[in-house]
Amino acid sequence: KGHEIACHAYTHPHLNNLDLGGIAYQIVKDRETLEEKTGKIIEGFAYPYGLTETEGMIDCIKNCGIKYGRTTKPTYNFELPKQPIFWHPTCHFMDERIEELTEQFLNESDNNALFYIWGHSYEPLDDEAWNRFELVCQKLANREDVAYLTNIEVIKTIKAFKSC
């Protein structure tokens, strides 16, 4: 509840090893499977192994009904995505700079800032790493000056503002 599910490719291949038909199959099959299990429309994508773009890949992914694609390349900034189909996050949840970035986000960012933290739920965390991330979450939680959005909500909000 409260989480967004995104495609990650049906068998998690390196997409740059596939032709466009293979990429489309991986996304459509994953979407179908996830939509059948959840009863929800899946519009997001997380690139397996990050993003290694090949010719035609982005258009292929968009043509599969995907509205955004999250990469693994950190930006270390709080900018809104310029091209949501290859959306670079601020940082990984175990990044050694996350505490510094949290303070910067809370103290220096403007109303259009986006702190996008990514990670895999299965990634092992030792007690020290878990405690560090939990402190970050506590600092970011329950603030009136922070909006908490899923990825697709960010994309829809940006689209709404652009149409005004």
# chains A, B, ... in the order shown; residues from 1 in each chain; ligands from 1
call {"tool": "select_by_dssp", "arguments": {"residues": "chain A", "states": "helix (DSSP H, G or I)", "output": "PyMOL selection string"}}
result
chain A and resi 15-17+20-38+57-63+84-86+98-108+127-140+151-163
call {"tool": "residues_around", "arguments": {"residues": "Gly69 (chain A)", "least_positions_apart": "6", "cutoff": "7 Å", "atoms": "only C-alpha atoms", "output": "list in words"}}
result
Gly44, Phe45, Ala46, Tyr47, Pro84, Ile85, Phe86 and Trp87 of chain A
call {"tool": "write_last_selection", "arguments": {"atoms": "C-alpha atoms", "output": "PDB file, in the first residue's frame"}}
result
ATOM      1  CA  GLY A  44       7.097   3.000 -14.990  1.00  0.00           C
ATOM      2  CA  PHE A  45      10.310   1.202 -15.731  1.00  0.00           C
ATOM      3  CA  ALA A  46      13.593   0.664 -13.901  1.00  0.00           C
ATOM      4  CA  TYR A  47      16.410  -0.153 -16.288  1.00  0.00           C
ATOM      5  CA  PRO A  84      11.538  11.202 -17.803  1.00  0.00           C
ATOM      6  CA  ILE A  85      12.152   8.151 -20.010  1.00  0.00           C
ATOM      7  CA  PHE A  86      15.750   8.193 -18.752  1.00  0.00           C
ATOM      8  CA  TRP A  87      15.386   9.724 -15.347  1.00  0.00           C
TER       9      TRP A  87
END
call {"tool": "residues_around", "arguments": {"residues": "region 114-124 of chain A", "least_positions_apart": "3", "cutoff": "8 Å", "atoms": "only C-alpha atoms", "output": "ChimeraX atom specification"}}
result
/A:72,77-80,89-94,105
call {"tool": "write_last_selection", "arguments": {"atoms": "all heavy atoms", "output": "compact mmCIF listing (two decimals), in the first residue's frame"}}
result
# COMPACT_ATOMS: atom_id res chain seq x y z
N THR A 72 20.29 4.28 -12.94
CA THR A 72 21.01 4.16 -11.67
C THR A 72 22.12 5.20 -11.56
O THR A 72 22.88 5.17 -10.61
CB THR A 72 21.64 2.76 -11.54
OG1 THR A 72 22.52 2.54 -12.64
CG2 THR A 72 20.57 1.68 -11.49
N ASN A 77 21.95 16.07 -7.48
CA ASN A 77 21.23 17.34 -7.45
C ASN A 77 19.75 17.06 -7.28
O ASN A 77 19.33 15.92 -7.15
CB ASN A 77 21.54 18.19 -8.69
CG ASN A 77 21.01 17.59 -9.96
OD1 ASN A 77 19.85 17.17 -10.04
ND2 ASN A 77 21.83 17.56 -11.00
N PHE A 78 18.96 18.11 -7.27
CA PHE A 78 17.53 17.99 -6.98
C PHE A 78 16.67 18.50 -8.13
O PHE A 78 15.55 18.97 -7.93
CB PHE A 78 17.21 18.76 -5.69
CG PHE A 78 18.14 18.41 -4.56
CD1 PHE A 78 19.08 19.31 -4.11
CD2 PHE A 78 18.08 17.16 -3.97
CE1 PHE A 78 19.95 18.99 -3.08
CE2 PHE A 78 18.94 16.81 -2.95
CZ PHE A 78 19.88 17.72 -2.50
N GLU A 79 17.20 18.39 -9.34
CA GLU A 79 16.47 18.87 -10.51
C GLU A 79 15.37 17.90 -10.91
O GLU A 79 15.50 16.69 -10.77
CB GLU A 79 17.44 19.05 -11.69
CG GLU A 79 18.45 20.14 -11.47
CD GLU A 79 19.46 20.24 -12.61
OE1 GLU A 79 19.31 19.54 -13.62
OE2 GLU A 79 20.40 21.03 -12.47
N LEU A 80 14.30 18.47 -11.45
CA LEU A 80 13.23 17.64 -12.01
C LEU A 80 13.75 16.96 -13.27
O LEU A 80 14.64 17.50 -13.94
CB LEU A 80 12.01 18.50 -12.33
CG LEU A 80 11.35 19.19 -11.14
CD1 LEU A 80 10.25 20.11 -11.62
CD2 LEU A 80 10.81 18.17 -10.15
N PRO A 89 18.32 9.46 -10.89
CA PRO A 89 17.98 9.82 -9.51
C PRO A 89 19.05 10.69 -8.86
O PRO A 89 20.15 10.82 -9.36
CB PRO A 89 17.92 8.44 -8.83
CG PRO A 89 18.90 7.62 -9.59
CD PRO A 89 18.80 8.09 -11.02
N THR A 90 18.69 11.24 -7.72
CA THR A 90 19.66 12.03 -6.95
C THR A 90 20.79 11.12 -6.45
O THR A 90 21.96 11.42 -6.63
CB THR A 90 18.98 12.72 -5.74
OG1 THR A 90 17.90 13.52 -6.22
CG2 THR A 90 19.97 13.58 -4.97
N CYS A 91 20.41 10.00 -5.82
CA CYS A 91 21.42 9.08 -5.29
C CYS A 91 20.78 7.76 -4.89
O CYS A 91 19.57 7.63 -4.84
CB CYS A 91 22.15 9.69 -4.09
SG CYS A 91 21.11 9.89 -2.61
N HIS A 92 21.63 6.80 -4.59
CA HIS A 92 21.23 5.49 -4.07
C HIS A 92 21.06 5.61 -2.56
O HIS A 92 21.72 6.43 -1.92
CB HIS A 92 22.33 4.48 -4.42
CG HIS A 92 22.01 3.08 -4.05
ND1 HIS A 92 22.33 2.55 -2.83
CD2 HIS A 92 21.40 2.10 -4.75
CE1 HIS A 92 21.93 1.29 -2.77
NE2 HIS A 92 21.36 0.99 -3.94
N PHE A 93 20.21 4.78 -1.98
CA PHE A 93 19.93 4.92 -0.55
C PHE A 93 21.12 4.55 0.34
O PHE A 93 21.14 4.91 1.51
CB PHE A 93 18.67 4.13 -0.15
CG PHE A 93 18.83 2.65 -0.02
CD1 PHE A 93 18.88 2.03 1.21
CD2 PHE A 93 18.88 1.84 -1.16
CE1 PHE A 93 19.00 0.66 1.33
CE2 PHE A 93 18.99 0.48 -1.06
CZ PHE A 93 19.06 -0.12 0.18
N MET A 94 22.13 3.88 -0.21
CA MET A 94 23.33 3.58 0.58
C MET A 94 24.52 4.45 0.16
O MET A 94 25.64 4.20 0.55
CB MET A 94 23.69 2.10 0.47
CG MET A 94 22.67 1.20 1.16
SD MET A 94 23.22 -0.50 1.40
CE MET A 94 23.62 -1.04 -0.24
N PHE A 105 19.18 19.30 0.75
CA PHE A 105 17.80 19.34 0.27
C PHE A 105 16.91 20.10 1.24
O PHE A 105 16.12 20.95 0.83
CB PHE A 105 17.28 17.91 0.06
CG PHE A 105 15.82 17.85 -0.29
CD1 PHE A 105 15.40 18.18 -1.57
CD2 PHE A 105 14.88 17.44 0.64
CE1 PHE A 105 14.04 18.11 -1.90
CE2 PHE A 105 13.53 17.38 0.31
CZ PHE A 105 13.11 17.72 -0.96
call {"tool": "residues_around", "arguments": {"residues": "Ile23 (chain A)", "least_positions_apart": "5", "cutoff": "8 Å", "atoms": "only C-alpha atoms", "output": "PyMOL selection string"}}
result
chain A and resi 15+18+57+60-61
call {"tool": "residues_around", "arguments": {"residues": "region 10-13 of chain A", "least_positions_apart": "6", "cutoff": "10 Å", "atoms": "only C-alpha atoms", "output": "JSON, numbers by chain"}}
result
{"A": [22, 23, 25, 26, 27, 28, 29, 30, 31, 32, 33, 34, 47, 48, 49]}
call {"tool": "write_last_selection", "arguments": {"atoms": "all heavy atoms", "output": "short mmCIF file (atom, residue, chain, number, x, y, z; two decimals), in the first residue's frame"}}
result
data_model
loop_
_atom_site.label_atom_id
_atom_site.label_comp_id
_atom_site.auth_asym_id
_atom_site.auth_seq_id
_atom_site.Cartn_x
_atom_site.Cartn_y
_atom_site.Cartn_z
N GLY A 22 13.10 -7.73 -28.90
CA GLY A 22 13.40 -8.36 -27.61
C GLY A 22 13.14 -7.41 -26.45
O GLY A 22 12.64 -7.82 -25.40
N ILE A 23 13.50 -6.15 -26.64
CA ILE A 23 13.24 -5.15 -25.60
C ILE A 23 11.74 -5.00 -25.39
O ILE A 23 11.26 -5.02 -24.25
CB ILE A 23 13.88 -3.80 -25.98
CG1 ILE A 23 15.41 -3.92 -25.97
CG2 ILE A 23 13.41 -2.69 -25.03
CD1 ILE A 23 16.13 -2.73 -26.55
N TYR A 25 9.39 -7.16 -26.02
CA TYR A 25 8.88 -8.38 -25.37
C TYR A 25 9.13 -8.32 -23.87
O TYR A 25 8.23 -8.60 -23.07
CB TYR A 25 9.55 -9.63 -25.95
CG TYR A 25 9.20 -10.87 -25.16
CD1 TYR A 25 7.98 -11.51 -25.37
CD2 TYR A 25 10.06 -11.37 -24.19
CE1 TYR A 25 7.64 -12.63 -24.61
CE2 TYR A 25 9.73 -12.47 -23.43
CZ TYR A 25 8.51 -13.10 -23.64
OH TYR A 25 8.17 -14.20 -22.89
N GLN A 26 10.36 -7.96 -23.46
CA GLN A 26 10.70 -7.91 -22.04
C GLN A 26 9.80 -6.95 -21.26
O GLN A 26 9.36 -7.25 -20.16
CB GLN A 26 12.18 -7.49 -21.86
CG GLN A 26 13.16 -8.56 -22.25
CD GLN A 26 13.18 -9.71 -21.27
OE1 GLN A 26 13.03 -9.53 -20.06
NE2 GLN A 26 13.37 -10.91 -21.80
N ILE A 27 9.51 -5.81 -21.86
CA ILE A 27 8.69 -4.81 -21.18
C ILE A 27 7.22 -5.21 -21.18
O ILE A 27 6.55 -5.19 -20.14
CB ILE A 27 8.90 -3.42 -21.80
CG1 ILE A 27 10.34 -2.97 -21.53
CG2 ILE A 27 7.90 -2.41 -21.25
CD1 ILE A 27 10.75 -1.74 -22.29
N VAL A 28 6.70 -5.58 -22.33
CA VAL A 28 5.28 -5.93 -22.43
C VAL A 28 4.96 -7.16 -21.58
O VAL A 28 3.95 -7.18 -20.86
CB VAL A 28 4.87 -6.13 -23.91
CG1 VAL A 28 3.48 -6.71 -24.02
CG2 VAL A 28 4.95 -4.80 -24.66
N LYS A 29 5.80 -8.18 -21.61
CA LYS A 29 5.56 -9.38 -20.81
C LYS A 29 5.60 -9.06 -19.32
O LYS A 29 4.77 -9.53 -18.55
CB LYS A 29 6.59 -10.46 -21.17
CG LYS A 29 6.40 -11.76 -20.46
CD LYS A 29 5.20 -12.51 -20.96
CE LYS A 29 5.15 -13.89 -20.35
NZ LYS A 29 3.85 -14.52 -20.53
N ASP A 30 6.55 -8.21 -18.92
CA ASP A 30 6.64 -7.81 -17.52
C ASP A 30 5.41 -6.99 -17.12
O ASP A 30 4.82 -7.21 -16.06
CB ASP A 30 7.92 -7.01 -17.30
CG ASP A 30 8.34 -6.93 -15.84
OD1 ASP A 30 7.95 -7.82 -15.05
OD2 ASP A 30 9.07 -5.99 -15.49
N ARG A 31 5.01 -6.05 -17.97
CA ARG A 31 3.81 -5.24 -17.70
C ARG A 31 2.59 -6.14 -17.54
O ARG A 31 1.82 -5.99 -16.58
CB ARG A 31 3.53 -4.24 -18.84
CG ARG A 31 4.26 -2.94 -18.70
CD ARG A 31 3.73 -1.92 -19.67
NE ARG A 31 2.45 -1.41 -19.18
CZ ARG A 31 1.66 -0.63 -19.86
NH1 ARG A 31 1.97 -0.24 -21.09
NH2 ARG A 31 0.53 -0.20 -19.35
N GLU A 32 2.39 -7.05 -18.48
CA GLU A 32 1.23 -7.95 -18.43
C GLU A 32 1.22 -8.75 -17.13
O GLU A 32 0.18 -8.87 -16.46
CB GLU A 32 1.24 -8.92 -19.61
CG GLU A 32 0.90 -8.30 -20.93
CD GLU A 32 1.08 -9.26 -22.11
OE1 GLU A 32 1.68 -10.36 -21.93
OE2 GLU A 32 0.64 -8.90 -23.21
N THR A 33 2.37 -9.29 -16.77
CA THR A 33 2.47 -10.09 -15.55
C THR A 33 2.15 -9.26 -14.32
O THR A 33 1.35 -9.67 -13.46
CB THR A 33 3.88 -10.70 -15.44
OG1 THR A 33 4.14 -11.48 -16.61
CG2 THR A 33 4.02 -11.57 -14.21
N LEU A 34 2.76 -8.08 -14.22
CA LEU A 34 2.53 -7.22 -13.05
C LEU A 34 1.10 -6.69 -13.00
O LEU A 34 0.51 -6.62 -11.92
CB LEU A 34 3.54 -6.06 -13.06
CG LEU A 34 4.99 -6.44 -12.83
CD1 LEU A 34 5.91 -5.25 -13.11
CD2 LEU A 34 5.20 -6.97 -11.43
N TYR A 47 15.50 0.52 -15.36
CA TYR A 47 16.41 -0.15 -16.29
C TYR A 47 17.23 -1.22 -15.57
O TYR A 47 17.91 -0.91 -14.60
CB TYR A 47 17.35 0.87 -16.93
CG TYR A 47 16.68 1.80 -17.89
CD1 TYR A 47 16.16 3.01 -17.47
CD2 TYR A 47 16.57 1.46 -19.23
CE1 TYR A 47 15.53 3.87 -18.35
CE2 TYR A 47 15.95 2.32 -20.14
CZ TYR A 47 15.42 3.52 -19.68
OH TYR A 47 14.80 4.36 -20.55
N PRO A 48 17.18 -2.46 -16.07
CA PRO A 48 18.06 -3.47 -15.47
C PRO A 48 19.52 -3.11 -15.74
O PRO A 48 19.86 -2.74 -16.86
CB PRO A 48 17.69 -4.77 -16.19
CG PRO A 48 16.55 -4.46 -17.10
CD PRO A 48 16.37 -2.99 -17.15
N TYR A 49 20.33 -3.17 -14.72
CA TYR A 49 21.76 -2.83 -14.80
C TYR A 49 21.98 -1.37 -15.17
O TYR A 49 23.02 -1.01 -15.71
CB TYR A 49 22.48 -3.74 -15.81
CG TYR A 49 22.25 -5.20 -15.54
CD1 TYR A 49 21.35 -5.93 -16.31
CD2 TYR A 49 22.92 -5.84 -14.50
CE1 TYR A 49 21.13 -7.27 -16.05
CE2 TYR A 49 22.69 -7.19 -14.23
CZ TYR A 49 21.80 -7.89 -15.01
OH TYR A 49 21.58 -9.22 -14.75
#
call {"tool": "residues_around", "arguments": {"residues": "Leu149 (chain A)", "least_positions_apart": "3", "cutoff": "12 Å", "atoms": "only C-alpha atoms", "output": "VMD selection string"}}
result
chain A and resid 2 to 4 114 to 117 146 152 to 158
call {"tool": "write_last_selection", "arguments": {"atoms": "N, CA, C and O atoms", "output": "CSV table (one decimal), in the first residue's frame"}}
result
chain,number,residue,atom,x,y,z
A,2,GLY,N,0.6,2.2,-0.9
A,2,GLY,CA,1.4,3.4,-1.0
A,2,GLY,C,2.6,3.3,-1.8
A,2,GLY,O,3.3,4.3,-2.0
A,3,HIS,N,2.9,2.1,-2.3
A,3,HIS,CA,4.1,1.9,-3.2
A,3,HIS,C,3.7,1.8,-4.6
A,3,HIS,O,2.6,1.4,-4.9
A,4,GLU,N,4.5,2.2,-5.5
A,4,GLU,CA,4.3,2.1,-6.9
A,4,GLU,C,5.2,1.0,-7.4
A,4,GLU,O,6.3,0.8,-7.0
A,114,LEU,N,13.6,18.1,-6.2
A,114,LEU,CA,13.2,16.7,-6.1
A,114,LEU,C,14.3,15.9,-5.6
A,114,LEU,O,15.4,15.8,-6.2
A,115,PHE,N,14.2,15.3,-4.4
A,115,PHE,CA,15.2,14.4,-3.8
A,115,PHE,C,14.8,13.0,-4.2
A,115,PHE,O,13.8,12.5,-3.6
A,116,TYR,N,15.4,12.4,-5.2
A,116,TYR,CA,15.0,11.1,-5.7
A,116,TYR,C,16.1,10.1,-5.2
A,116,TYR,O,17.2,10.0,-5.7
A,117,ILE,N,15.7,9.3,-4.3
A,117,ILE,CA,16.5,8.2,-3.7
A,117,ILE,C,16.0,6.9,-4.3
A,117,ILE,O,14.9,6.6,-4.2
A,146,VAL,N,7.5,19.4,2.6
A,146,VAL,CA,8.0,18.3,1.6
A,146,VAL,C,6.7,17.6,1.2
A,146,VAL,O,5.9,17.2,2.0
A,152,ILE,N,5.3,8.1,-10.7
A,152,ILE,CA,4.3,8.5,-11.7
A,152,ILE,C,3.6,9.8,-11.2
A,152,ILE,O,3.2,10.6,-12.1
A,153,GLU,N,3.4,10.0,-9.9
A,153,GLU,CA,2.8,11.2,-9.5
A,153,GLU,C,3.7,12.4,-9.8
A,153,GLU,O,3.2,13.5,-10.2
A,154,VAL,N,5.0,12.2,-9.7
A,154,VAL,CA,5.9,13.3,-10.1
A,154,VAL,C,5.7,13.6,-11.6
A,154,VAL,O,5.6,14.8,-12.0
A,155,ILE,N,5.7,12.6,-12.4
A,155,ILE,CA,5.6,12.8,-13.9
A,155,ILE,C,4.2,13.5,-14.2
A,155,ILE,O,4.2,14.4,-15.0
A,156,LYS,N,3.2,13.0,-13.6
A,156,LYS,CA,1.8,13.6,-13.8
A,156,LYS,C,1.8,15.1,-13.3
A,156,LYS,O,1.2,15.9,-14.0
A,157,THR,N,2.5,15.4,-12.2
A,157,THR,CA,2.5,16.8,-11.7
A,157,THR,C,3.3,17.7,-12.7
A,157,THR,O,2.8,18.8,-13.0
A,158,ILE,N,4.4,17.2,-13.1
A,158,ILE,CA,5.2,18.0,-14.1
A,158,ILE,C,4.4,18.2,-15.4
A,158,ILE,O,4.3,19.4,-15.9
call {"tool": "select_by_dssp", "arguments": {"residues": "region 11-164 of chain A", "states": "strand (DSSP E or B)", "output": "list in words"}}
result
Gly44, Phe45, Ala46, Tyr68, Gly69, Arg70, Trp87, Cys91, His92, Ile117 and Trp118 of chain A
call {"tool": "write_last_selection", "arguments": {"atoms": "C-alpha atoms", "output": "mmCIF file, in the first residue's frame"}}
result
data_model
loop_
_atom_site.group_PDB
_atom_site.id
_atom_site.type_symbol
_atom_site.label_atom_id
_atom_site.label_comp_id
_atom_site.auth_asym_id
_atom_site.auth_seq_id
_atom_site.Cartn_x
_atom_site.Cartn_y
_atom_site.Cartn_z
ATOM 1 C CA GLY A 44 7.097 3.000 -14.990
ATOM 2 C CA PHE A 45 10.310 1.202 -15.731
ATOM 3 C CA ALA A 46 13.593 0.664 -13.901
ATOM 4 C CA TYR A 68 9.266 7.100 -17.194
ATOM 5 C CA GLY A 69 12.414 5.018 -16.888
ATOM 6 C CA ARG A 70 14.650 5.226 -13.840
ATOM 7 C CA TRP A 87 15.386 9.724 -15.347
ATOM 8 C CA CYS A 91 21.423 9.085 -5.287
ATOM 9 C CA HIS A 92 21.231 5.493 -4.074
ATOM 10 C CA ILE A 117 16.527 8.233 -3.702
ATOM 11 C CA TRP A 118 16.572 4.794 -5.303
#
call {"tool": "closest_atom_pairs", "arguments": {"of": "region 108-155 of chain A", "to": "region 99-102 of chain A", "cutoff": "8 Å", "atoms": "only C-alpha atoms", "output": "Markdown table"}}
result
| residue | atom | partner | partner_atom | distance |
| --- | --- | --- | --- | --- |
| A:Arg132 | CA | A:Glu99 | CA | 7.9 |
| A:Val136 | CA | A:Glu99 | CA | 6.3 |
| A:Lys139 | CA | A:Thr102 | CA | 7.8 |
| A:Leu140 | CA | A:Thr102 | CA | 7.6 |
call {"tool": "write_last_selection", "arguments": {"atoms": "all heavy atoms", "output": "PDB file, in the first residue's frame"}}
result
ATOM      1  N   ARG A 132      21.936   4.490   9.403  1.00  0.00           N
ATOM      2  CA  ARG A 132      22.178   5.727   8.644  1.00  0.00           C
ATOM      3  C   ARG A 132      20.971   6.078   7.786  1.00  0.00           C
ATOM      4  O   ARG A 132      20.517   7.217   7.767  1.00  0.00           O
ATOM      5  CB  ARG A 132      23.403   5.541   7.732  1.00  0.00           C
ATOM      6  CG  ARG A 132      24.661   6.122   8.236  1.00  0.00           C
ATOM      7  CD  ARG A 132      25.801   6.041   7.241  1.00  0.00           C
ATOM      8  NE  ARG A 132      25.396   6.504   5.923  1.00  0.00           N
ATOM      9  CZ  ARG A 132      25.921   6.072   4.795  1.00  0.00           C
ATOM     10  NH1 ARG A 132      26.851   5.166   4.799  1.00  0.00           N
ATOM     11  NH2 ARG A 132      25.522   6.551   3.634  1.00  0.00           N
ATOM     12  N   VAL A 136      18.141   9.266   7.916  1.00  0.00           N
ATOM     13  CA  VAL A 136      17.794  10.088   6.756  1.00  0.00           C
ATOM     14  C   VAL A 136      16.276  10.129   6.595  1.00  0.00           C
ATOM     15  O   VAL A 136      15.676  11.199   6.423  1.00  0.00           O
ATOM     16  CB  VAL A 136      18.477   9.565   5.478  1.00  0.00           C
ATOM     17  CG1 VAL A 136      17.851  10.142   4.229  1.00  0.00           C
ATOM     18  CG2 VAL A 136      19.970   9.853   5.526  1.00  0.00           C
ATOM     19  N   LYS A 139      14.614  12.323   9.155  1.00  0.00           N
ATOM     20  CA  LYS A 139      14.779  13.753   8.878  1.00  0.00           C
ATOM     21  C   LYS A 139      13.827  14.227   7.788  1.00  0.00           C
ATOM     22  O   LYS A 139      13.369  15.361   7.804  1.00  0.00           O
ATOM     23  CB  LYS A 139      16.222  14.059   8.461  1.00  0.00           C
ATOM     24  CG  LYS A 139      17.199  14.035   9.591  1.00  0.00           C
ATOM     25  CD  LYS A 139      18.586  14.393   9.109  1.00  0.00           C
ATOM     26  CE  LYS A 139      19.545  14.378  10.276  1.00  0.00           C
ATOM     27  NZ  LYS A 139      20.906  14.738   9.868  1.00  0.00           N
ATOM     28  N   LEU A 140      13.555  13.352   6.831  1.00  0.00           N
ATOM     29  CA  LEU A 140      12.701  13.725   5.704  1.00  0.00           C
ATOM     30  C   LEU A 140      11.209  13.524   5.982  1.00  0.00           C
ATOM     31  O   LEU A 140      10.373  14.084   5.279  1.00  0.00           O
ATOM     32  CB  LEU A 140      13.090  12.898   4.463  1.00  0.00           C
ATOM     33  CG  LEU A 140      14.468  13.174   3.877  1.00  0.00           C
ATOM     34  CD1 LEU A 140      14.834  12.109   2.856  1.00  0.00           C
ATOM     35  CD2 LEU A 140      14.505  14.562   3.255  1.00  0.00           C
TER      36      LEU A 140
END
call {"tool": "closest_residue", "arguments": {"among": "A:Ile98, A:Gln83, A:Gly56, A:His88", "to": "Ala129 (chain A)", "atoms": "only C-alpha atoms"}}
result
A:Ile98
call {"tool": "closest_residue", "arguments": {"among": "A:Gly21, A:Pro81, A:Pro74, A:Gly50", "to": "Arg97 (chain A)", "atoms": "only C-alpha atoms"}}
result
A:Pro74
call {"tool": "atom_distance", "arguments": {"atom1": "CA of Glu43 (chain A)", "atom2": "CA of Lys67 (chain A)"}}
result
5.4 Å
call {"tool": "closest_residue", "arguments": {"among": "A:Asn17, A:Ala24, A:Asp145, A:Ile66", "to": "Asn107 (chain A)", "atoms": "only C-alpha atoms"}}
result
A:Asp145
call {"tool": "atom_distance", "arguments": {"atom1": "CA of Lys73 (chain A)", "atom2": "CA of Ala9 (chain A)"}}
result
18.2 Å
